[in-house]
Amino acid sequence: MARITAGIGCSHVPAIGVAMDLGNTHEPYWQPVFEGFKKSREWQKENNPDVIFMVYNDHCTAFDASCIPTFALGCAADFQPADEGFGPRPVPVVKNHQKMASHIAQSLILDEFDITIMNEMEVDHGLTVPLSVMYGEIPQDGAWPALVIPLCVNVVQYPAPTGNRCYNLGKAIGKAIKSYDEDLKVHIYGTGGMSHQLQYKRAGLINPEWDKDFLDRLTSDPVGLSQMPHIEYLREAGSEGVEMVMWHVMRGALNDDITEVRRFYHVPASNTAVGHIIFENHA
Amino acid sequence: MEKEYEDIPGTLVFDADRSREGYHLNQFCISLRLRVNRDKFHQDEEAYLNAYPMSPEQREAVLKREWNRLLELGGNIYYTSKLAANDGINFQNLAGIMTGMGREDYRKMMLDGGRPIKGNRYKSEWGKE
């Protein structure tokens, strides 16, 4: 049977991808960011999964305003990196474990999570930046070292799904993965955040105390943390900080018994606080 | 209906009301994601905008690149950033414009740890915006 061996939380700041694509990672501005991910990349190499379940959000790239699904599961055979306004990122096409994705879709719907099924979808930096962060530079004609099942969450139009809903969806995803009849190692990612506001006059907001508390409680009190109301994300972590609800999906898919093996926090990357955490999951 | 998230200074939460108001504006912005459309827009901005039935105010804000006004009129930052990208303005420099700080001062604020939360939680802390 498939096993979830780790959960990873990771910001998906587009500028991190740009820095890698342009070869600027050794510049003084970026050096601390990539130094911080160095150990995570070593860990990733030692623990590489067969499949990554990637919880992320689309930034008005694959979805325009005409269709806003709260949860959309990628069931296509592969996903092309999208042009987000300045050409697609020069990274490999993302390949799905299509049969497992279909199994998860069925299992979730029967578990009463009415998700949208995407049989064609391009993916933006929300999905490719966490892969780049964990795997380093991979040429466009190369291949990502794992298959990827994308789950896209609406965090653009208020309201995003609640933390509670995300946490419970994570539980259902965990159940679906564990019931898949193939011996596969799976990692689940929660991406986005941490505190940041990209828009209007309060842009640039960063709240390191809030971010640290979030990481602490994600480890020690995930159920309590999942009850946080939206207004607290918006006010304390910035209007785009509400992306953090996606980390609850990841945490919900893990067991209660986990070990935090890695944590990294850095301000700034562009407009954003970079947060990162790795949990090893115990059966 | 009262919205508690309206009591955050310098912040416009993109909810269904804003989404309705900004629909055609946002659909115009996302069209610029693709090179073929960017090329058409460059040729004749006014003609390109005719395909999108937005309000005269929205249209003017697009042509004048009034970035905050675009958000006040129902634009969402992930959409308006596509227009910014078309103009060669990245997210950080766009934030520098929207905050009124300018590119260099904004970048410096971020390097110094960003805008602190203290004094930036409630509208009453800002006075008149």
# chains A, B, ... in the order shown; residues from 1 in each chain; ligands from 1
>>> residues_around(residues="region 75-88 of chain B", least_positions_apart="2", cutoff="7 Å", atoms="only C-alpha atoms", output="list in words")
His59, Cys60, Gly85, Phe86 and Gln199 of chain A; Phe14, Gly22, Leu25, Asn26, Cys29, Ile30, Leu32, Arg33, Arg38, Leu70, Leu71, Glu72, Leu73, Asn90 and Phe91 of chain B
>>> write_last_selection(atoms="C-alpha atoms", output="compact mmCIF listing (two decimals), in the first residue's frame")
# COMPACT_ATOMS: atom_id res chain seq x y z
CA HIS A 59 -2.46 32.81 -9.01
CA CYS A 60 -5.02 33.62 -11.70
CA GLY A 85 3.06 37.12 -18.13
CA PHE A 86 6.77 36.95 -18.87
CA GLN A 199 -1.57 44.76 -2.42
CA PHE B 14 -11.11 40.65 -2.68
CA GLY B 22 -14.03 43.91 -11.27
CA LEU B 25 -11.26 44.40 -15.63
CA ASN B 26 -9.75 41.23 -14.21
CA CYS B 29 -5.73 41.71 -17.11
CA ILE B 30 -5.47 37.92 -17.27
CA LEU B 32 -2.20 39.67 -20.96
CA ARG B 33 -0.79 36.42 -19.59
CA ARG B 38 0.34 41.32 -25.05
CA LEU B 70 -7.57 49.52 -10.16
CA LEU B 71 -7.88 47.67 -6.84
CA GLU B 72 -10.49 50.13 -5.51
CA LEU B 73 -12.55 49.45 -8.65
CA ASN B 90 7.61 43.07 -10.87
CA PHE B 91 5.64 42.43 -7.65
>>> closest_atom_pairs(of="chain B", to="chain A", cutoff="8 Å", atoms="only C-alpha atoms", output="Markdown table")
| residue | atom | partner | partner_atom | distance |
| --- | --- | --- | --- | --- |
| B:Glu4 | CA | A:Ile231 | CA | 7.4 |
| B:Tyr5 | CA | A:Ile231 | CA | 6.1 |
| B:Ile8 | CA | A:Arg235 | CA | 6.2 |
| B:Pro9 | CA | A:Arg202 | CA | 6.8 |
| B:Gly10 | CA | A:Lys201 | CA | 4.4 |
| B:Thr11 | CA | A:Tyr200 | CA | 5.9 |
| B:Leu12 | CA | A:Tyr200 | CA | 7.1 |
| B:Val13 | CA | A:Ser239 | CA | 6.7 |
| B:Phe14 | CA | A:Gln157 | CA | 5.5 |
| B:Asp15 | CA | A:Tyr158 | CA | 4.5 |
| B:Ala16 | CA | A:Tyr158 | CA | 6.9 |
| B:Ser19 | CA | A:Gln157 | CA | 7.4 |
| B:Tyr23 | CA | A:Ala65 | CA | 6.7 |
| B:Asn26 | CA | A:Ala65 | CA | 7.0 |
| B:Gln27 | CA | A:Ala65 | CA | 6.5 |
| B:Ile30 | CA | A:Asp64 | CA | 6.7 |
| B:Leu32 | CA | A:Gly85 | CA | 6.5 |
| B:Arg33 | CA | A:Gly85 | CA | 4.2 |
| B:Leu34 | CA | A:Gly85 | CA | 6.3 |
| B:Arg35 | CA | A:Gly85 | CA | 7.4 |
| B:Asn68 | CA | A:Tyr200 | CA | 6.0 |
| B:Leu71 | CA | A:Tyr200 | CA | 7.4 |
| B:Ile77 | CA | A:Gln199 | CA | 5.9 |
| B:Tyr78 | CA | A:His59 | CA | 5.9 |
| B:Tyr79 | CA | A:Cys60 | CA | 6.5 |
| B:Lys82 | CA | A:Gly85 | CA | 5.8 |
| B:Ala85 | CA | A:Gly85 | CA | 5.9 |
| B:Asn86 | CA | A:Gly85 | CA | 6.5 |
| B:Phe91 | CA | A:Leu198 | CA | 7.3 |
| B:Gln92 | CA | A:Ser270 | CA | 5.8 |
| B:Ala95 | CA | A:Ala203 | CA | 6.0 |
| B:Met98 | CA | A:Tyr200 | CA | 5.3 |
| B:Thr99 | CA | A:Lys201 | CA | 4.3 |
| B:Gly100 | CA | A:Lys201 | CA | 7.4 |
| B:Tyr106 | CA | A:Gly204 | CA | 7.9 |
| B:Met109 | CA | A:Gly204 | CA | 8.0 |
| B:Met110 | CA | A:Pro268 | CA | 6.0 |
| B:Leu111 | CA | A:Pro268 | CA | 6.1 |
| B:Gly113 | CA | A:Val267 | CA | 5.9 |
| B:Gly114 | CA | A:Ile206 | CA | 5.2 |
| B:Arg115 | CA | A:Leu205 | CA | 4.4 |
| B:Pro116 | CA | A:Ile206 | CA | 6.0 |
| B:Ile117 | CA | A:Asn207 | CA | 5.9 |
| B:Asn120 | CA | A:Arg202 | CA | 7.7 |
| B:Arg121 | CA | A:Arg235 | CA | 5.9 |
>>> write_last_selection(atoms="C-alpha atoms", output="PDB file, in the first residue's frame")
ATOM      1  CA  GLU B   4     -15.196  42.773   9.837  1.00  0.00           C
ATOM      2  CA  TYR B   5     -12.356  42.426   7.313  1.00  0.00           C
ATOM      3  CA  ILE B   8      -7.879  46.530   8.251  1.00  0.00           C
ATOM      4  CA  PRO B   9      -5.957  49.613   7.166  1.00  0.00           C
ATOM      5  CA  GLY B  10      -4.532  49.885   3.658  1.00  0.00           C
ATOM      6  CA  THR B  11      -6.149  46.598   2.654  1.00  0.00           C
ATOM      7  CA  LEU B  12      -8.891  45.648   0.183  1.00  0.00           C
ATOM      8  CA  VAL B  13     -10.102  42.087   0.702  1.00  0.00           C
ATOM      9  CA  PHE B  14     -11.113  40.645  -2.681  1.00  0.00           C
ATOM     10  CA  ASP B  15     -14.549  39.235  -1.915  1.00  0.00           C
ATOM     11  CA  ALA B  16     -17.547  38.428  -4.130  1.00  0.00           C
ATOM     12  CA  SER B  19     -15.131  40.222  -7.832  1.00  0.00           C
ATOM     13  CA  TYR B  23     -14.971  40.972 -13.485  1.00  0.00           C
ATOM     14  CA  ASN B  26      -9.751  41.231 -14.212  1.00  0.00           C
ATOM     15  CA  GLN B  27     -10.557  39.243 -17.356  1.00  0.00           C
ATOM     16  CA  ILE B  30      -5.467  37.922 -17.271  1.00  0.00           C
ATOM     17  CA  LEU B  32      -2.198  39.670 -20.960  1.00  0.00           C
ATOM     18  CA  ARG B  33      -0.789  36.422 -19.595  1.00  0.00           C
ATOM     19  CA  LEU B  34      -0.307  35.289 -23.192  1.00  0.00           C
ATOM     20  CA  ARG B  35       2.270  36.810 -25.512  1.00  0.00           C
ATOM     21  CA  ASN B  68      -4.415  51.530  -6.378  1.00  0.00           C
ATOM     22  CA  LEU B  71      -7.880  47.671  -6.836  1.00  0.00           C
ATOM     23  CA  ILE B  77      -3.650  42.068  -7.292  1.00  0.00           C
ATOM     24  CA  TYR B  78      -2.979  38.724  -9.014  1.00  0.00           C
ATOM     25  CA  TYR B  79      -4.773  40.097 -12.072  1.00  0.00           C
ATOM     26  CA  LYS B  82      -0.336  40.754 -15.133  1.00  0.00           C
ATOM     27  CA  ALA B  85       4.309  42.371 -15.751  1.00  0.00           C
ATOM     28  CA  ASN B  86       3.348  43.532 -19.221  1.00  0.00           C
ATOM     29  CA  PHE B  91       5.638  42.427  -7.653  1.00  0.00           C
ATOM     30  CA  GLN B  92       8.093  44.233  -5.414  1.00  0.00           C
ATOM     31  CA  ALA B  95       4.216  47.258  -4.098  1.00  0.00           C
ATOM     32  CA  MET B  98       1.023  51.104  -4.360  1.00  0.00           C
ATOM     33  CA  THR B  99       2.395  52.020  -0.932  1.00  0.00           C
ATOM     34  CA  GLY B 100       3.527  55.415  -2.213  1.00  0.00           C
ATOM     35  CA  TYR B 106      10.096  49.922  -0.182  1.00  0.00           C
ATOM     36  CA  MET B 109      11.836  48.419   4.310  1.00  0.00           C
ATOM     37  CA  MET B 110      11.603  44.772   3.223  1.00  0.00           C
ATOM     38  CA  LEU B 111      15.332  44.208   3.796  1.00  0.00           C
ATOM     39  CA  GLY B 113      12.211  43.080   8.081  1.00  0.00           C
ATOM     40  CA  GLY B 114       9.113  44.445   6.365  1.00  0.00           C
ATOM     41  CA  ARG B 115       6.225  46.566   7.591  1.00  0.00           C
ATOM     42  CA  PRO B 116       5.662  45.754  11.268  1.00  0.00           C
ATOM     43  CA  ILE B 117       2.256  44.591  12.470  1.00  0.00           C
ATOM     44  CA  ASN B 120      -1.129  48.357  11.284  1.00  0.00           C
ATOM     45  CA  ARG B 121      -3.987  46.173  12.534  1.00  0.00           C
TER      46      ARG B 121
END
>>> atom_distance(atom1="CA of Phe53 (chain A)", atom2="CA of Ala101 (chain A)")
9.1 Å
>>> closest_residue(among="A:Glu137, A:Asp114, A:Asp213, A:Asp78", to="Asn96 (chain A)", atoms="only C-alpha atoms")
A:Asp78
>>> select_by_dssp(residues="region 51-80 of chain A", states="strand (DSSP E or B)", output="PyMOL selection string")
chain A and resi 51-56+71-74+78-79
>>> write_last_selection(atoms="C-alpha atoms", output="short mmCIF file (atom, residue, chain, number, x, y, z; two decimals), in the first residue's frame")
data_model
loop_
_atom_site.label_atom_id
_atom_site.label_comp_id
_atom_site.auth_asym_id
_atom_site.auth_seq_id
_atom_site.Cartn_x
_atom_site.Cartn_y
_atom_site.Cartn_z
CA VAL A 51 4.91 10.70 -5.58
CA ILE A 52 4.42 14.24 -4.27
CA PHE A 53 0.92 15.39 -3.37
CA MET A 54 1.21 19.16 -3.85
CA VAL A 55 -1.31 21.48 -2.22
CA TYR A 56 -0.90 24.93 -3.76
CA PHE A 71 -10.60 22.55 -4.44
CA ALA A 72 -9.42 21.31 -7.86
CA LEU A 73 -7.50 18.05 -8.22
CA GLY A 74 -5.14 17.60 -11.16
CA ASP A 78 0.95 15.96 -17.21
CA PHE A 79 0.95 19.67 -16.51
#
>>> atom_distance(atom1="CA of Gly74 (chain B)", atom2="CA of Leu127 (chain A)")
26.7 Å
>>> select_by_dssp(residues="region 69-273 of chain A", states="alpha helix (DSSP H)", output="VMD selection string")
chain A and resid 98 to 110 125 to 135 163 to 178 208 to 220 222 to 225 230 to 237 245 to 253
>>> decode(residues="region 165-177 of chain A", atoms="C-alpha atoms", output="PDB file, in the first residue's frame")
ATOM      1  CA  ARG A 165     -12.110  22.247   6.256  1.00  0.00           C
ATOM      2  CA  CYS A 166      -8.550  22.080   4.962  1.00  0.00           C
ATOM      3  CA  TYR A 167      -7.398  20.020   7.925  1.00  0.00           C
ATOM      4  CA  ASN A 168     -10.264  17.562   7.484  1.00  0.00           C
ATOM      5  CA  LEU A 169      -9.642  17.380   3.741  1.00  0.00           C
ATOM      6  CA  GLY A 170      -6.052  16.481   4.617  1.00  0.00           C
ATOM      7  CA  LYS A 171      -7.357  13.606   6.753  1.00  0.00           C
ATOM      8  CA  ALA A 172      -9.432  12.353   3.827  1.00  0.00           C
ATOM      9  CA  ILE A 173      -6.455  12.664   1.457  1.00  0.00           C
ATOM     10  CA  GLY A 174      -4.334  10.697   3.927  1.00  0.00           C
ATOM     11  CA  LYS A 175      -6.970   7.980   4.016  1.00  0.00           C
ATOM     12  CA  ALA A 176      -7.201   7.904   0.208  1.00  0.00           C
ATOM     13  CA  ILE A 177      -3.432   7.642  -0.244  1.00  0.00           C
TER      14      ILE A 177
END
